[in-house]
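Structure first, commentary second.
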Amino acid sequence: MNTLQKIRNYMEEHELDSFFVAKPANVRYISSYTGEDSYLYITKSKQYFITDPRYTEQASYECPSYEIVNWRTPGNTIGKTVGHLGECENIKTIAFEEDYLTFAFYESIRNSVKAEMIPTSNVTEEFRSVKTKEEEGYLRAACEIASRAFEKIVKDIRVGVTEKELASRLSHYMVMEGADTKPYGGILISGARTSLLHGIPSSKSIEYGDLVLMDYGCQYNGYLSDMTRTVVVGKASEEQKKVYDLCRQMTEDVEAVIKPGVTGIECYEASLKAIKDTPYLKYNYGGIGHGIGLFVHELPFIGSNSTAVLQKGNIMTVEPGIYIPGWGGIRIEDQGLITEQGYENLISATHDLIEI
């Protein structure tokens with residue numbers, strides 16, 4: 001069953017006349033459109049692709065089963081366009097993604113339609129959480145590219161080079177290895193800055209004894225990889241070795257319990273086994289993994305507040321870590337496929353501590 005039919009089945013089950021889709025990853029997933037600034041309006045019998053003159057030609061190639069609608073005409077708005085299409089089909093209800101539309105965007109539609117606006121959450125995202133074989137292939141390729149880039153970047157890490165320079169080289173290596181040229185944000189930080197869970201690469205130079213944490217990935221046909229490795233420049237201290245070994249054990253303990261039917265909370269509990277009786281427990285972060293596909297943070301999420309039940313076909317990260325302010329942080333992140341047998345890691349980079 002294709003995604004468009006799944007959306008219509010959802011509409012029928014919830015007695016909805018139409019569905020307005022605005023989130024870019026969902027637009028792509030449903031329609032296969034690879035561009036920007038476009039929306040879907042799905043009714044019981046038709047599907048409309050709403051865009052502007054910059055993308056109408058591209059949409060006509062990529063979305064042949066959709067009626068292409070140019071909304072950007074004098075005096076028109078997206079809201080008025082949706083209103084007009086709805087009146088043509090006597091639409092009474094319009095579902096929309098409540099977590100994406102801004103209030104202004106919502107108001108522009110609501111004030112232009114006669115139908116009732118019905119908020120929804122994670123409808124398409126639930127469909128996206130279980131990957132098709134085609135998606136699995138793209139995600140495997142993205143992970144292989146990122147792993148090959150890691151083998152290259154470790155040869156460039158040395159005293160004196162800056163975080164920004166290394167981050168730039170890492171992005172270059174991924175493109176040269178076959179990634180899409182459109183990058184997404186990566187983390188490459190060093191020294192005490194590695195305790196920043198989402199630190200931004202800076203002009204700081206690498207120093208002897210630094211931890212260097214690389215949390216990055218690439219796109220392949222729009223599908224994303226996400227991995228983290230932490231290395232030491234020079235000889236690791238005893239505490240760096242100890243914390244690294246704990247993080248590696250945390251990651252491997254989580255991966256050992258993952259299989260269909262396991263809950264996100266059970267994954268989190270597995271991550272604590274290695275550190276529950278150590279001083280490092282308080283430096284643990286509650287979010288330890290997430291699904292990934294067309295967007296970097298997708299369903300399911302695993303961690304201390306998770307309500308997820310894992311399914312065969314989920315592709316997700318495992319990334320517990322220890323983050324000590326003023327000292328640094330260590331994270332080892334894999335990305336893997338959930339099979340009947342368990343967690344198949346798609347990242348080939350070693351878990352062993354690398355001293356450069």
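Identifiers in this document derive from the order of the structure tokens: chains are assigned A, B, ..., residues are numbered from 1 separately in each chain, and ligands are numbered from 1 in order of occurrence.
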Mind checking DSSP for segment 211-335 of chain A and telling me the strand (DSSP E) residues as a ChimeraX atom specification?
/A:211-216,219-220,223-224,227-232,287-291,298-303,315-318,321-324,328-331,334-335
Leaving out Trp71 of chain A and any residue of its chain fewer than 5 positions from it, which residues lie within 7 Å of it when counting only C-alpha atoms, given as a PyMOL selection string?
chain A and resi 50-52+76-78+81
Expressed in Å to a single decimal, how great is the separation between atom CA of Lys273 of chain A and atom CA of Val232 of chain A?
25.0 Å
With distances taken over only C-alpha atoms, which of A:Tyr208, A:Tyr29, A:Tyr285, A:Tyr343 is nearest to Phe127 of chain A?
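Once distances to Phe127 of chain A are computed over only C-alpha atoms, the minimum belongs to A:Tyr29.
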Segment 70-175 of chain A: residues DSSP assigns to alpha helix (DSSP H), reported as JSON, numbers by chain:
{"A": [78, 79, 80, 81, 82, 83, 84, 85, 86, 87, 88, 103, 104, 105, 106, 107, 108, 109, 110, 123, 124, 125, 126, 127, 128, 133, 134, 135, 136, 137, 138, 139, 140, 141, 142, 143, 144, 145, 146, 147, 148, 149, 150, 151, 152, 153, 163, 164, 165, 166, 167, 168, 169, 170, 171, 172, 173, 174, 175]}
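If you look at atom CA of Glu207 of chain A and atom CA of His172 of chain A, they are 23.1 Å away from each other.
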Smallest atom-to-atom distance to Val262 of chain A: which of A:Gly286, A:Pro119, A:Gly83, A:Pro300, using only C-alpha atoms?
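Among the listed residues, the smallest separation from Val262 of chain A belongs to A:Pro300.
Note that atom CA of His351 of chain A and atom CA of Tyr216 of chain A are 15.9 Å apart.
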For Tyr33 of chain A, the nearest of the candidates A:Gly222, A:Pro53, A:Thr228, A:Leu197, counting only C-alpha atoms:
A:Gly222
12 Å contact set for segment 57-63 of chain A, only C-alpha atoms, chain neighbours under 6 positions out, as a CSV table (one decimal) with N, CA, C and O atoms, in the first residue's frame:
```
chain,number,residue,atom,x,y,z
A,27,VAL,N,6.0,16.0,2.8
A,27,VAL,CA,5.7,16.3,1.4
A,27,VAL,C,6.5,15.3,0.5
A,27,VAL,O,6.0,14.7,-0.4
A,28,ARG,N,7.8,15.2,0.8
A,28,ARG,CA,8.7,14.4,0.0
A,28,ARG,C,8.3,12.9,0.2
A,28,ARG,O,8.2,12.2,-0.8
A,29,TYR,N,8.0,12.5,1.4
A,29,TYR,CA,7.7,11.1,1.6
A,29,TYR,C,6.4,10.7,0.9
A,29,TYR,O,6.3,9.6,0.3
A,30,ILE,N,5.4,11.5,0.9
A,30,ILE,CA,4.1,11.2,0.3
A,30,ILE,C,4.2,11.3,-1.2
A,30,ILE,O,3.7,10.4,-2.0
A,31,SER,N,4.8,12.4,-1.7
A,31,SER,CA,4.7,12.7,-3.2
A,31,SER,C,6.0,12.3,-4.0
A,31,SER,O,5.9,12.4,-5.2
A,32,SER,N,7.1,12.1,-3.3
A,32,SER,CA,8.4,11.9,-3.9
A,32,SER,C,9.1,13.2,-4.5
A,32,SER,O,10.1,13.1,-5.2
A,33,TYR,N,8.5,14.3,-4.2
A,33,TYR,CA,9.0,15.6,-4.6
A,33,TYR,C,10.3,15.9,-3.9
A,33,TYR,O,10.3,15.8,-2.6
A,34,THR,N,11.3,16.4,-4.6
A,34,THR,CA,12.6,16.6,-3.9
A,34,THR,C,13.0,18.1,-3.7
A,34,THR,O,14.1,18.4,-3.3
A,35,GLY,N,12.1,19.0,-4.1
A,35,GLY,CA,12.4,20.4,-4.0
A,35,GLY,C,11.9,21.1,-2.7
A,35,GLY,O,11.8,20.4,-1.7
A,36,GLU,N,11.6,22.4,-2.8
A,36,GLU,CA,11.3,23.1,-1.6
A,36,GLU,C,9.9,23.9,-1.8
A,36,GLU,O,9.4,23.9,-2.9
A,37,ASP,N,9.5,24.5,-0.7
A,37,ASP,CA,8.4,25.5,-0.7
A,37,ASP,C,7.2,25.0,-1.4
A,37,ASP,O,6.6,25.6,-2.3
A,38,SER,N,6.7,23.8,-1.0
A,38,SER,CA,5.6,23.2,-1.7
A,38,SER,C,4.7,22.4,-0.6
A,38,SER,O,5.2,22.1,0.4
A,39,TYR,N,3.5,22.2,-1.0
A,39,TYR,CA,2.5,21.7,0.0
A,39,TYR,C,1.6,20.7,-0.8
A,39,TYR,O,1.4,20.8,-2.0
A,40,LEU,N,1.0,19.8,0.0
A,40,LEU,CA,0.1,18.8,-0.6
A,40,LEU,C,-1.3,19.1,0.0
A,40,LEU,O,-1.5,19.4,1.2
A,47,GLN,N,-5.6,14.6,-5.5
A,47,GLN,CA,-4.4,15.1,-4.7
A,47,GLN,C,-3.8,16.3,-5.5
A,47,GLN,O,-3.6,16.2,-6.7
A,48,TYR,N,-3.6,17.4,-4.8
A,48,TYR,CA,-3.1,18.6,-5.3
A,48,TYR,C,-1.7,18.9,-4.8
A,48,TYR,O,-1.5,18.7,-3.6
A,49,PHE,N,-0.9,19.4,-5.7
A,49,PHE,CA,0.5,19.8,-5.4
A,49,PHE,C,0.5,21.3,-5.5
A,49,PHE,O,0.4,21.8,-6.6
A,50,ILE,N,0.6,22.0,-4.4
A,50,ILE,CA,0.5,23.5,-4.3
A,50,ILE,C,1.9,24.0,-4.3
A,50,ILE,O,2.7,23.8,-3.3
A,51,THR,N,2.3,24.8,-5.3
A,51,THR,CA,3.7,25.4,-5.3
A,51,THR,C,3.6,26.7,-6.0
A,51,THR,O,2.6,27.3,-6.3
A,69,VAL,N,-0.8,23.0,-8.8
A,69,VAL,CA,-1.5,24.2,-8.6
A,69,VAL,C,-0.5,25.3,-8.2
A,69,VAL,O,0.2,25.2,-7.2
A,70,ASN,N,-0.4,26.4,-9.1
A,70,ASN,CA,0.4,27.5,-8.8
A,70,ASN,C,-0.4,28.5,-7.9
A,70,ASN,O,-1.4,29.1,-8.4
```
Excluding segment 138-151 of chain A and its own-chain neighbours fewer than 2 positions away, which residues fall within 8 Å of it when counting only C-alpha atoms? Please give them as a list in words.
Glu134, Glu135, Glu136, Ile153, Val154, Lys155, Leu170, Tyr173, Met174, Glu177, Gly178, Ala179, Tyr216, Gly217, Cys218, Gln219, Tyr220, Asn221, Tyr223, Leu224, Ser225, Asp226, Met227, Gly293, Gln335, Leu346, Ile347, Ser348 and Ala349 of chain A
Selected residue of minimal separation from Ile91 of chain A among A:Gln240, A:Ser45, A:Asn345, A:Glu67, counting only C-alpha atoms:
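Smallest separation from Ile91 of chain A among the options: A:Ser45.
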My list of candidates is A:Tyr283, A:Lys164, A:Met250, A:Leu85. Which is closest to Glu269 of chain A when distances are computed with only C-alpha atoms?
A:Met250
